[in-house]
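One file, data.pdb, carrying PDB, C-alpha atoms (C1' of nucleotides):
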```
MODEL        1
ATOM      1  CA  MET A  23      10.935  17.814 -11.970
ATOM      2  CA  SER A  24       8.316  20.175 -10.614
ATOM      3  CA  LYS A  25       5.810  18.216 -12.650
ATOM      4  CA  GLN A  26       2.165  18.711 -11.925
ATOM      5  CA  PRO A  27       0.808  16.312  -9.336
ATOM      6  CA  VAL A  28      -1.332  13.419 -10.488
ATOM      7  CA  VAL A  29      -3.804  14.307  -7.778
ATOM      8  CA  ASP A  30      -5.743  17.518  -8.194
ATOM      9  CA  PRO A  31      -5.718  19.327  -4.842
ATOM     10  CA  ASP A  32      -8.909  21.187  -5.757
ATOM     11  CA  LEU A  33     -10.852  17.947  -5.756
ATOM     12  CA  VAL A  34      -9.678  17.375  -2.220
ATOM     13  CA  ALA A  35     -10.311  20.910  -1.067
ATOM     14  CA  CYS A  36     -14.031  20.493  -1.660
ATOM     15  CA  CYS A  37     -14.321  17.597   0.793
ATOM     16  CA  PRO A  38     -15.463  18.007   4.378
ATOM     17  CA  PRO A  39     -13.950  15.821   7.089
ATOM     18  CA  ILE A  40     -14.634  12.181   6.311
ATOM     19  CA  ALA A  41     -16.367  11.812   9.670
ATOM     20  CA  THR A  42     -18.894  14.461   8.690
ATOM     21  CA  ARG A  43     -20.612  12.583   5.923
ATOM     22  CA  ARG A  44     -20.004   9.642   3.647
ATOM     23  CA  LEU A  45     -17.228  10.171   1.186
ATOM     24  CA  GLU A  46     -18.296   9.751  -2.438
ATOM     25  CA  ALA A  47     -16.618   6.960  -4.367
ATOM     26  CA  ASN A  48     -14.922   9.337  -6.796
ATOM     27  CA  GLN A  49     -13.650  11.518  -3.975
ATOM     28  CA  ALA A  50     -12.222   8.445  -2.279
ATOM     29  CA  GLU A  51     -10.402   7.534  -5.494
ATOM     30  CA  VAL A  52      -8.704  10.928  -5.448
ATOM     31  CA  ILE A  53      -7.899  11.108  -1.760
ATOM     32  CA  ALA A  54      -6.792   7.537  -1.064
ATOM     33  CA  PRO A  55      -3.516   7.857  -3.026
ATOM     34  CA  MET A  56      -2.477  10.703  -0.740
ATOM     35  CA  PHE A  57      -2.939   8.571   2.363
ATOM     36  CA  ARG A  58      -1.285   5.637   0.636
ATOM     37  CA  ALA A  59       1.725   7.845  -0.032
ATOM     38  CA  LEU A  60       2.039   8.352   3.721
ATOM     39  CA  GLY A  61       1.441   4.671   4.354
ATOM     40  CA  ASP A  62       5.080   3.659   4.114
ATOM     41  CA  PRO A  63       7.486   4.210   7.008
ATOM     42  CA  VAL A  64      10.203   5.586   4.744
ATOM     43  CA  ARG A  65       7.878   8.014   2.997
ATOM     44  CA  LEU A  66       6.306   9.073   6.271
ATOM     45  CA  ARG A  67       9.737   9.957   7.627
ATOM     46  CA  LEU A  68      10.652  11.697   4.392
ATOM     47  CA  MET A  69       7.440  13.698   4.591
ATOM     48  CA  SER A  70       8.181  14.604   8.182
ATOM     49  CA  MET A  71      11.706  15.691   7.339
ATOM     50  CA  ILE A  72      10.485  17.803   4.440
ATOM     51  CA  ALA A  73       7.561  19.317   6.333
ATOM     52  CA  SER A  74       9.690  20.205   9.336
ATOM     53  CA  VAL A  75      11.719  22.778   7.426
ATOM     54  CA  PRO A  76      11.026  25.316   4.670
ATOM     55  CA  GLU A  77      12.924  23.147   2.217
ATOM     56  CA  ILE A  78      15.511  20.417   2.211
ATOM     57  CA  CYS A  79      18.041  18.933  -0.198
ATOM     58  CA  VAL A  80      17.902  15.306  -1.305
ATOM     59  CA  CYS A  81      21.515  15.078  -0.222
ATOM     60  CA  ASP A  82      20.328  15.689   3.343
ATOM     61  CA  LEU A  83      17.530  13.141   3.113
ATOM     62  CA  THR A  84      19.317  10.126   1.663
ATOM     63  CA  PRO A  85      21.962   9.653   4.398
ATOM     64  CA  GLU A  86      19.234   9.319   7.022
ATOM     65  CA  PHE A  87      18.170   5.965   5.608
ATOM     66  CA  ALA A  88      19.894   2.632   5.097
ATOM     67  CA  LEU A  89      18.581   2.606   1.548
ATOM     68  CA  SER A  90      20.030   3.198  -1.870
ATOM     69  CA  GLY A  91      19.750   6.538  -3.612
ATOM     70  CA  PRO A  92      17.392   5.225  -6.274
ATOM     71  CA  THR A  93      15.057   3.897  -3.610
ATOM     72  CA  ILE A  94      14.853   7.262  -1.864
ATOM     73  CA  SER A  95      14.312   8.901  -5.224
ATOM     74  CA  HIS A  96      11.474   6.475  -5.898
ATOM     75  CA  HIS A  97       9.757   7.301  -2.622
ATOM     76  CA  LEU A  98      10.140  11.016  -3.277
ATOM     77  CA  LYS A  99       8.493  10.501  -6.625
ATOM     78  CA  VAL A 100       5.540   8.801  -4.951
ATOM     79  CA  LEU A 101       5.158  11.783  -2.628
ATOM     80  CA  ARG A 102       5.433  14.121  -5.608
ATOM     81  CA  ASP A 103       2.865  12.190  -7.638
ATOM     82  CA  ALA A 104       0.525  12.276  -4.664
ATOM     83  CA  GLY A 105       0.792  16.064  -4.747
ATOM     84  CA  LEU A 106       2.181  16.267  -1.230
ATOM     85  CA  VAL A 107       5.575  17.732  -2.083
ATOM     86  CA  GLU A 108       7.235  19.611  -4.906
ATOM     87  CA  SER A 109      10.834  19.915  -5.977
ATOM     88  CA  ASP A 110      13.147  21.966  -8.088
ATOM     89  CA  ARG A 111      16.744  21.682  -9.056
ATOM     90  CA  ARG A 112      19.123  24.455  -8.122
ATOM     91  CA  GLY A 113      22.508  23.771  -9.535
ATOM     92  CA  THR A 114      23.726  20.361  -8.553
ATOM     93  CA  TRP A 115      21.171  19.715  -5.862
ATOM     94  CA  VAL A 116      17.433  19.128  -5.839
ATOM     95  CA  TRP A 117      15.373  20.765  -3.116
ATOM     96  CA  TYR A 118      12.073  19.483  -1.811
ATOM     97  CA  ARG A 119       9.336  21.322   0.032
ATOM     98  CA  VAL A 120       5.853  20.470   1.190
ATOM     99  CA  ARG A 121       2.773  21.557  -0.768
ATOM    100  CA  ALA A 122       1.211  23.289   2.204
ATOM    101  CA  ASP A 123      -2.258  23.485   0.699
ATOM    102  CA  ALA A 124      -2.530  19.780  -0.042
ATOM    103  CA  PHE A 125      -0.975  18.833   3.263
ATOM    104  CA  ARG A 126      -3.359  21.027   5.204
ATOM    105  CA  GLN A 127      -6.353  19.699   3.309
ATOM    106  CA  LEU A 128      -5.351  16.148   4.059
ATOM    107  CA  GLY A 129      -5.253  16.972   7.742
ATOM    108  CA  ALA A 130      -8.643  18.658   7.499
ATOM    109  CA  LEU A 131     -10.130  15.432   6.172
ATOM    110  CA  LEU A 132      -9.329  13.736   9.467
ATOM    111  CA  ARG A 133     -10.731  16.436  11.678
ATOM    112  CA  VAL A 134     -13.329  15.263  14.141
ATOM    113  CA  PRO A 135     -16.346  17.564  13.788
ATOM    114  CA  ALA A 136     -17.979  16.812  17.164
ATOM    115  CA  PRO A 137     -16.558  15.200  20.306
ATOM    116  CA  THR A 138     -18.793  12.194  19.558
ATOM    117  CA  ALA A 139     -19.922  11.809  23.148
ATOM    118  CA  GLU A 140     -20.481   8.065  22.991
ATOM    119  CA  ALA A 141     -18.349   7.135  25.989
ATOM    120  CA  SER A 142     -17.334   3.782  24.571
ATOM    121  CA  ALA A 143     -17.283   1.303  27.438
TER     122      ALA A 143
ATOM    123  CA  MET B 816     -13.807  -9.960  17.135
ATOM    124  CA  SER B 817     -13.079  -6.964  19.308
ATOM    125  CA  LYS B 818      -9.472  -8.060  19.253
ATOM    126  CA  GLN B 819      -6.834  -5.656  20.413
ATOM    127  CA  PRO B 820      -5.371  -3.549  17.633
ATOM    128  CA  VAL B 821      -1.962  -4.438  16.304
ATOM    129  CA  VAL B 822      -1.033  -0.787  16.582
ATOM    130  CA  ASP B 823      -0.680   0.618  20.065
ATOM    131  CA  PRO B 824      -2.483   3.973  20.163
ATOM    132  CA  ASP B 825      -0.281   5.123  23.035
ATOM    133  CA  LEU B 826       2.762   5.069  20.813
ATOM    134  CA  VAL B 827       0.950   7.360  18.451
ATOM    135  CA  ALA B 828      -0.379   9.654  21.156
ATOM    136  CA  CYS B 829       3.115  10.678  22.115
ATOM    137  CA  CYS B 830       3.907  12.058  18.657
ATOM    138  CA  PRO B 831       3.652  15.730  17.789
ATOM    139  CA  PRO B 832       2.547  16.747  14.279
ATOM    140  CA  ILE B 833       4.971  15.344  11.739
ATOM    141  CA  ALA B 834       5.617  18.864  10.467
ATOM    142  CA  THR B 835       6.888  19.895  13.895
ATOM    143  CA  ARG B 836       9.953  17.734  14.025
ATOM    144  CA  ARG B 837      11.409  14.672  12.351
ATOM    145  CA  LEU B 838       9.541  11.498  13.047
ATOM    146  CA  GLU B 839      11.669   8.763  14.586
ATOM    147  CA  ALA B 840      12.045   5.587  12.566
ATOM    148  CA  ASN B 841      10.249   3.447  15.133
ATOM    149  CA  GLN B 842       7.387   5.917  15.369
ATOM    150  CA  ALA B 843       7.056   5.858  11.591
ATOM    151  CA  GLU B 844       6.836   2.072  11.676
ATOM    152  CA  VAL B 845       3.889   2.324  14.038
ATOM    153  CA  ILE B 846       2.048   5.169  12.342
ATOM    154  CA  ALA B 847       2.502   4.270   8.685
ATOM    155  CA  PRO B 848       0.159   1.251   8.841
ATOM    156  CA  MET B 849      -2.645   3.553   9.952
ATOM    157  CA  PHE B 850      -2.200   5.788   6.917
ATOM    158  CA  ARG B 851      -1.802   2.764   4.697
ATOM    159  CA  ALA B 852      -5.133   1.486   5.991
ATOM    160  CA  LEU B 853      -6.733   4.693   4.707
ATOM    161  CA  GLY B 854      -4.783   4.453   1.467
ATOM    162  CA  ASP B 855      -7.348   2.358  -0.343
ATOM    163  CA  PRO B 856     -10.496   3.906  -1.816
ATOM    164  CA  VAL B 857     -12.734   1.159  -0.447
ATOM    165  CA  ARG B 858     -11.298   1.374   3.054
ATOM    166  CA  LEU B 859     -11.419   5.164   3.005
ATOM    167  CA  ARG B 860     -15.117   5.029   2.165
ATOM    168  CA  LEU B 861     -15.695   2.369   4.803
ATOM    169  CA  MET B 862     -13.897   4.540   7.345
ATOM    170  CA  SER B 863     -15.995   7.518   6.336
ATOM    171  CA  MET B 864     -19.214   5.533   6.613
ATOM    172  CA  ILE B 865     -18.251   4.212  10.037
ATOM    173  CA  ALA B 866     -16.994   7.561  11.335
ATOM    174  CA  SER B 867     -20.084   9.422  10.168
ATOM    175  CA  VAL B 868     -22.367   7.624  12.603
ATOM    176  CA  PRO B 869     -22.085   6.294  16.170
ATOM    177  CA  GLU B 870     -21.999   2.759  14.861
ATOM    178  CA  ILE B 871     -23.012   0.816  11.793
ATOM    179  CA  CYS B 872     -23.784  -2.769  10.856
ATOM    180  CA  VAL B 873     -21.750  -4.654   8.270
ATOM    181  CA  CYS B 874     -25.027  -5.417   6.559
ATOM    182  CA  ASP B 875     -25.352  -1.678   5.878
ATOM    183  CA  LEU B 876     -21.785  -1.355   4.616
ATOM    184  CA  THR B 877     -21.536  -4.229   2.150
ATOM    185  CA  PRO B 878     -24.406  -3.220  -0.199
ATOM    186  CA  GLU B 879     -22.725   0.131  -0.841
ATOM    187  CA  PHE B 880     -19.931  -1.558  -2.781
ATOM    188  CA  ALA B 881     -19.787  -3.691  -5.888
ATOM    189  CA  LEU B 882     -17.576  -6.130  -4.028
ATOM    190  CA  SER B 883     -18.000  -9.535  -2.457
ATOM    191  CA  GLY B 884     -18.729  -9.963   1.235
ATOM    192  CA  PRO B 885     -15.330 -11.517   1.950
ATOM    193  CA  THR B 886     -13.592  -8.565   0.354
ATOM    194  CA  ILE B 887     -15.440  -6.074   2.542
ATOM    195  CA  SER B 888     -14.690  -8.232   5.538
ATOM    196  CA  HIS B 889     -11.017  -8.222   4.608
ATOM    197  CA  HIS B 890     -10.915  -4.433   4.371
ATOM    198  CA  LEU B 891     -12.686  -4.104   7.708
ATOM    199  CA  LYS B 892     -10.057  -6.356   9.212
ATOM    200  CA  VAL B 893      -7.314  -4.103   7.889
ATOM    201  CA  LEU B 894      -8.989  -1.108   9.517
ATOM    202  CA  ARG B 895      -9.364  -3.102  12.738
ATOM    203  CA  ASP B 896      -5.733  -4.241  12.725
ATOM    204  CA  ALA B 897      -4.666  -0.653  12.173
ATOM    205  CA  GLY B 898      -6.523   0.260  15.352
ATOM    206  CA  LEU B 899      -8.858   2.667  13.583
ATOM    207  CA  VAL B 900     -12.121   0.842  14.231
ATOM    208  CA  GLU B 901     -13.501  -1.775  16.571
ATOM    209  CA  SER B 902     -16.365  -4.194  16.265
ATOM    210  CA  ASP B 903     -18.594  -6.432  18.292
ATOM    211  CA  ARG B 904     -21.238  -8.950  17.465
ATOM    212  CA  ARG B 905     -24.741  -8.413  18.754
ATOM    213  CA  GLY B 906     -26.907 -11.336  17.844
ATOM    214  CA  THR B 907     -26.751 -12.010  14.162
ATOM    215  CA  TRP B 908     -25.119  -8.768  13.158
ATOM    216  CA  VAL B 909     -21.677  -7.246  13.658
ATOM    217  CA  TRP B 910     -21.442  -3.551  14.452
ATOM    218  CA  TYR B 911     -18.462  -1.325  13.748
ATOM    219  CA  ARG B 912     -17.515   1.971  15.294
ATOM    220  CA  VAL B 913     -14.532   4.261  15.059
ATOM    221  CA  ARG B 914     -11.821   4.298  17.717
ATOM    222  CA  ALA B 915     -12.141   7.996  18.366
ATOM    223  CA  ASP B 916      -8.824   8.316  20.198
ATOM    224  CA  ALA B 917      -6.758   6.764  17.432
ATOM    225  CA  PHE B 918      -8.634   8.616  14.734
ATOM    226  CA  ARG B 919      -8.170  11.947  16.440
ATOM    227  CA  GLN B 920      -4.481  11.286  17.022
ATOM    228  CA  LEU B 921      -3.990  10.476  13.377
ATOM    229  CA  GLY B 922      -5.528  13.798  12.436
ATOM    230  CA  ALA B 923      -3.327  15.563  14.964
ATOM    231  CA  LEU B 924      -0.240  14.181  13.234
ATOM    232  CA  LEU B 925      -1.141  16.128  10.110
ATOM    233  CA  ARG B 926      -1.796  19.408  11.863
ATOM    234  CA  VAL B 927       0.211  22.329  10.541
ATOM    235  CA  PRO B 928       1.874  24.034  13.517
ATOM    236  CA  ALA B 929       2.660  27.367  11.856
ATOM    237  CA  PRO B 930       1.241  28.999   8.712
ATOM    238  CA  THR B 931       4.607  28.382   7.040
ATOM    239  CA  ALA B 932       4.774  31.807   5.447
ATOM    240  CA  GLU B 933       6.730  30.730   2.392
ATOM    241  CA  ALA B 934       4.311  32.068  -0.210
ATOM    242  CA  SER B 935       4.860  29.273  -2.719
ATOM    243  CA  ALA B 936       5.368  30.900  -6.090
TER     244      ALA B 936
ATOM    245  C1'  DA C  37      36.338  18.588 -23.415
ATOM    246  C1'  DC C  38      36.648  15.635 -19.663
ATOM    247  C1'  DG C  39      35.751  13.800 -15.377
ATOM    248  C1'  DC C  40      33.299  14.130 -10.882
ATOM    249  C1'  DT C  41      29.210  14.312  -7.893
ATOM    250  C1'  DG C  42      24.279  14.302  -7.207
ATOM    251  C1'  DT C  43      19.830  12.625  -8.808
ATOM    252  C1'  DT C  44      16.603  10.192 -11.633
ATOM    253  C1'  DT C  45      15.231   6.414 -14.763
ATOM    254  C1'  DC C  46      15.304   1.581 -16.182
ATOM    255  C1'  DG C  47      14.945  -3.383 -15.565
ATOM    256  C1'  DA C  48      14.317  -7.237 -12.671
ATOM    257  C1'  DG C  49      13.325 -10.116  -8.629
ATOM    258  C1'  DA C  50      10.960 -10.789  -4.219
ATOM    259  C1'  DA C  51       7.332  -9.554  -1.286
ATOM    260  C1'  DC C  52       2.951  -7.673  -0.629
ATOM    261  C1'  DC C  53      -2.061  -6.492  -1.680
ATOM    262  C1'  DG C  54      -6.966  -6.722  -3.527
ATOM    263  C1'  DT C  55     -10.175  -9.762  -5.081
ATOM    264  C1'  DC C  56     -13.019 -13.831  -5.412
ATOM    265  C1'  DA C  57     -15.117 -18.561  -4.483
ATOM    266  C1'  DA C  58     -15.434 -22.043  -1.175
ATOM    267  C1'  DA C  59     -15.443 -23.460   3.384
ATOM    268  C1'  DC C  60     -16.177 -22.307   8.077
ATOM    269  C1'  DT C  61     -18.222 -20.060  12.507
ATOM    270  C1'  DA C  62     -21.969 -17.698  15.210
ATOM    271  C1'  DG C  63     -26.410 -16.947  16.356
ATOM    272  C1'  DA C  64     -31.798 -17.036  15.506
ATOM    273  C1'  DG C  65     -35.805 -19.701  14.891
ATOM    274  C1'  DG C  66     -38.290 -23.731  14.169
TER     275       DG C  66
ATOM    276  C1'  DC D  51     -31.233 -31.034  15.668
ATOM    277  C1'  DC D  52     -31.720 -28.777  11.436
ATOM    278  C1'  DT D  53     -31.714 -24.874   8.549
ATOM    279  C1'  DC D  54     -31.293 -20.259   7.362
ATOM    280  C1'  DT D  55     -28.860 -15.750   7.369
ATOM    281  C1'  DA D  56     -24.730 -12.768   8.584
ATOM    282  C1'  DG D  57     -19.672 -12.505   8.707
ATOM    283  C1'  DT D  58     -15.165 -14.275   8.795
ATOM    284  C1'  DT D  59     -11.321 -17.273   7.345
ATOM    285  C1'  DT D  60      -8.774 -19.816   3.919
ATOM    286  C1'  DG D  61      -6.503 -20.520  -0.472
ATOM    287  C1'  DA D  62      -5.416 -19.001  -4.811
ATOM    288  C1'  DC D  63      -4.641 -15.830  -8.749
ATOM    289  C1'  DG D  64      -3.118 -11.462 -10.875
ATOM    290  C1'  DG D  65      -1.460  -6.935 -10.236
ATOM    291  C1'  DT D  66       1.218  -3.708  -7.605
ATOM    292  C1'  DT D  67       5.031  -2.194  -4.687
ATOM    293  C1'  DC D  68       9.749  -2.122  -2.626
ATOM    294  C1'  DT D  69      14.282  -2.727  -3.376
ATOM    295  C1'  DC D  70      18.575  -2.942  -5.752
ATOM    296  C1'  DG D  71      22.388  -2.374  -9.425
ATOM    297  C1'  DA D  72      23.256  -0.478 -13.815
ATOM    298  C1'  DA D  73      22.730   3.121 -16.724
ATOM    299  C1'  DA D  74      21.339   7.700 -18.038
ATOM    300  C1'  DC D  75      21.007  12.608 -17.058
ATOM    301  C1'  DA D  76      22.321  17.396 -15.061
ATOM    302  C1'  DG D  77      25.602  20.680 -13.474
ATOM    303  C1'  DC D  78      30.058  22.087 -11.673
ATOM    304  C1'  DG D  79      35.121  22.434 -11.844
ATOM    305  C1'  DT D  80      39.190  21.966 -14.009
TER     306       DT D  80
ENDMDL
END
```
In structure tokens, what does this structure look like?
Amino acid sequence: MSKQPVVDPDLVACCPPIATRRLEANQAEVIAPMFRALGDPVRLRLMSMIASVPEICVCDLTPEFALSGPTISHHLKVLRDAGLVESDRRGTWVWYRVRADAFRQLGALLRVPAPTAEASA
Amino acid sequence: MSKQPVVDPDLVACCPPIATRRLEANQAEVIAPMFRALGDPVRLRLMSMIASVPEICVCDLTPEFALSGPTISHHLKVLRDAGLVESDRRGTWVWYRVRADAFRQLGALLRVPAPTAEASA
DNA sequence: ACGCTGTTTCGAGAACCGTCAAACTAGAGG
DNA sequence: CCTCTAGTTTGACGGTTCTCGAAACAGCGT
């Protein structure tokens, strides 16, 4: 719980948008797991549900899916390991919230620097 | 070649940032494959190389990796099927370029609507 | 202390993914 | 027509991921 993310957000923070210049191989190794974490429909919805509110209880996440508790827990762990969310237990329940810095950086990576005026036919 | 993407960009275009409100299940099914396509270090670098220039030849992509030609071709196909890039053959060579609309929409999904003033401890 | 509820961890099976070599297609140039 | 180069497709192998039930763990209430 509340364990440190496997991915170091600082290594991401140093990267300009990927459309600006070629991503280095080692940067790609760090960033790709974050995108992969969002690359599952269940996790993408979980991320959306968590990011839409200041924080949310697992007990409010699980019923939204036709999946077992352990499966939801697994997906939450993937998001945690990717450094996208963090959690802490308060009494009986565990609350999740987004790691705003990491989430914002991930979005920054996809920014389009210039309108790229090549009016593709 | 130049085949239509499996993912319909219009279905993505209608989605606000995922931190704005809960993503619908069917929207997540459409969007997740795009993030998954970026969730591999090789594909993320390929995407970066393609997005950094107006267009680029496969013959300029392959030598940058310690991977076989077929493997690069496979990863390019994943990016194509995700609707993130498109390609066309001109003579001997095949040129790839980013689908700017889809790429921009994907970035928009990760935008943070409000500063989320919960000063994380 | 005991049981009850919520959550995570463990173990296993099925499906999926990344990689390569080999075979195939597309075009250029004799 | 033949051959050469550039890319893609096919088929296969090994590793990873998704899912579940069972079990373990963490607090609360009695």
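Between C1' of DG47 in chain C and CA of Arg67 in chain A lies a distance of 27.3 Å.
Overlaying the C-alpha atoms of chain B on those of chain A by least squares yields an RMSD of 0.1 Å.
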Worksheet item: Which residues, written as a PyMOL selection string, have at least one atom at most 12 Å from DA74 in chain D, with all atoms listed in the file counted and residues fewer than 6 positions away on the same chain left out?
Response: chain C and resi 43-46
Since we have the selection now, will you write its residues out, keeping C-alpha atoms (C1' of nucleotides), as a PDB file, in the frame of the given file?
```
ATOM      1  C1'  DT C  43      19.830  12.625  -8.808  1.00  0.00           C
ATOM      2  C1'  DT C  44      16.603  10.192 -11.633  1.00  0.00           C
ATOM      3  C1'  DT C  45      15.231   6.414 -14.763  1.00  0.00           C
ATOM      4  C1'  DC C  46      15.304   1.581 -16.182  1.00  0.00           C
TER       5       DC C  46
END
```
Worksheet item: Do you know which residues lie at most 10 Å from (0.5, -4.1, 2.5), with coordinates as in the file and only C-alpha atoms (C1' of nucleotides) counted, and could you write them as a list of chain:residue names?
Response: A:Gly61, A:Asp62, B:Pro848, B:Arg851, B:Ala852, B:Val893, C:DA51, C:DC52, C:DC53, C:DG54, D:DT67
Discussion item. Tell me which residues come within 9 Å of (19.4, 7.7, -7.3), as a list of chain:residue names, counting all atoms listed in the file in the file's coordinates.
Written reply: A:Ser90, A:Gly91, A:Pro92, A:Thr93, A:Ile94, A:Ser95, A:His96, C:DG42, C:DT43, C:DT44, C:DT45
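For the structure in this document, the set picked by the PyMOL selection byres ((chain C and resi 57) around 10) is Ser883 and Pro885 of chain B; DC56, DA58 and DA59 of chain C; DG61 and DA62 of chain D.
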Item to complete: Compile the residues of chain B that lie within 12 Å of chain D, evaluated using all atoms listed in the file, and express the compilation as a PyMOL selection string.
Response: chain B and resi 816+872-875+877+883-892+902-910
Item to complete: Could you please tell me, as a ChimeraX atom specification, which residues of chain A have an atom within 9 Å of chain B when using only C-alpha atoms?
Response: /A:39-76,121-122,125-126,128-134,137-138,140,142
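CA of Gly898 in chain B to CA of Ala917 in chain B spans 6.8 Å [interatomic distance, one decimal].
Computed from the coordinates, the CA of Arg895 in chain B to CA of Tyr911 in chain B distance equals 9.3 Å.
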To box range 59-72 of chain D, take all atoms listed in the file, fit an axis-aligned box, add 6 Å on each side, and give centre and edge lengths in Å to one decimal, as AutoDock Vina command-line options.
```
--center_x 6.0 --center_y -10.5 --center_z -3.2 --size_x 46.6 --size_y 32.0 --size_z 33.2
```
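Distances to chain B were evaluated for C:DG66, C:DC60, C:DT55, C:DT41 using all atoms listed in the file, and the minimum falls at C:DT55.
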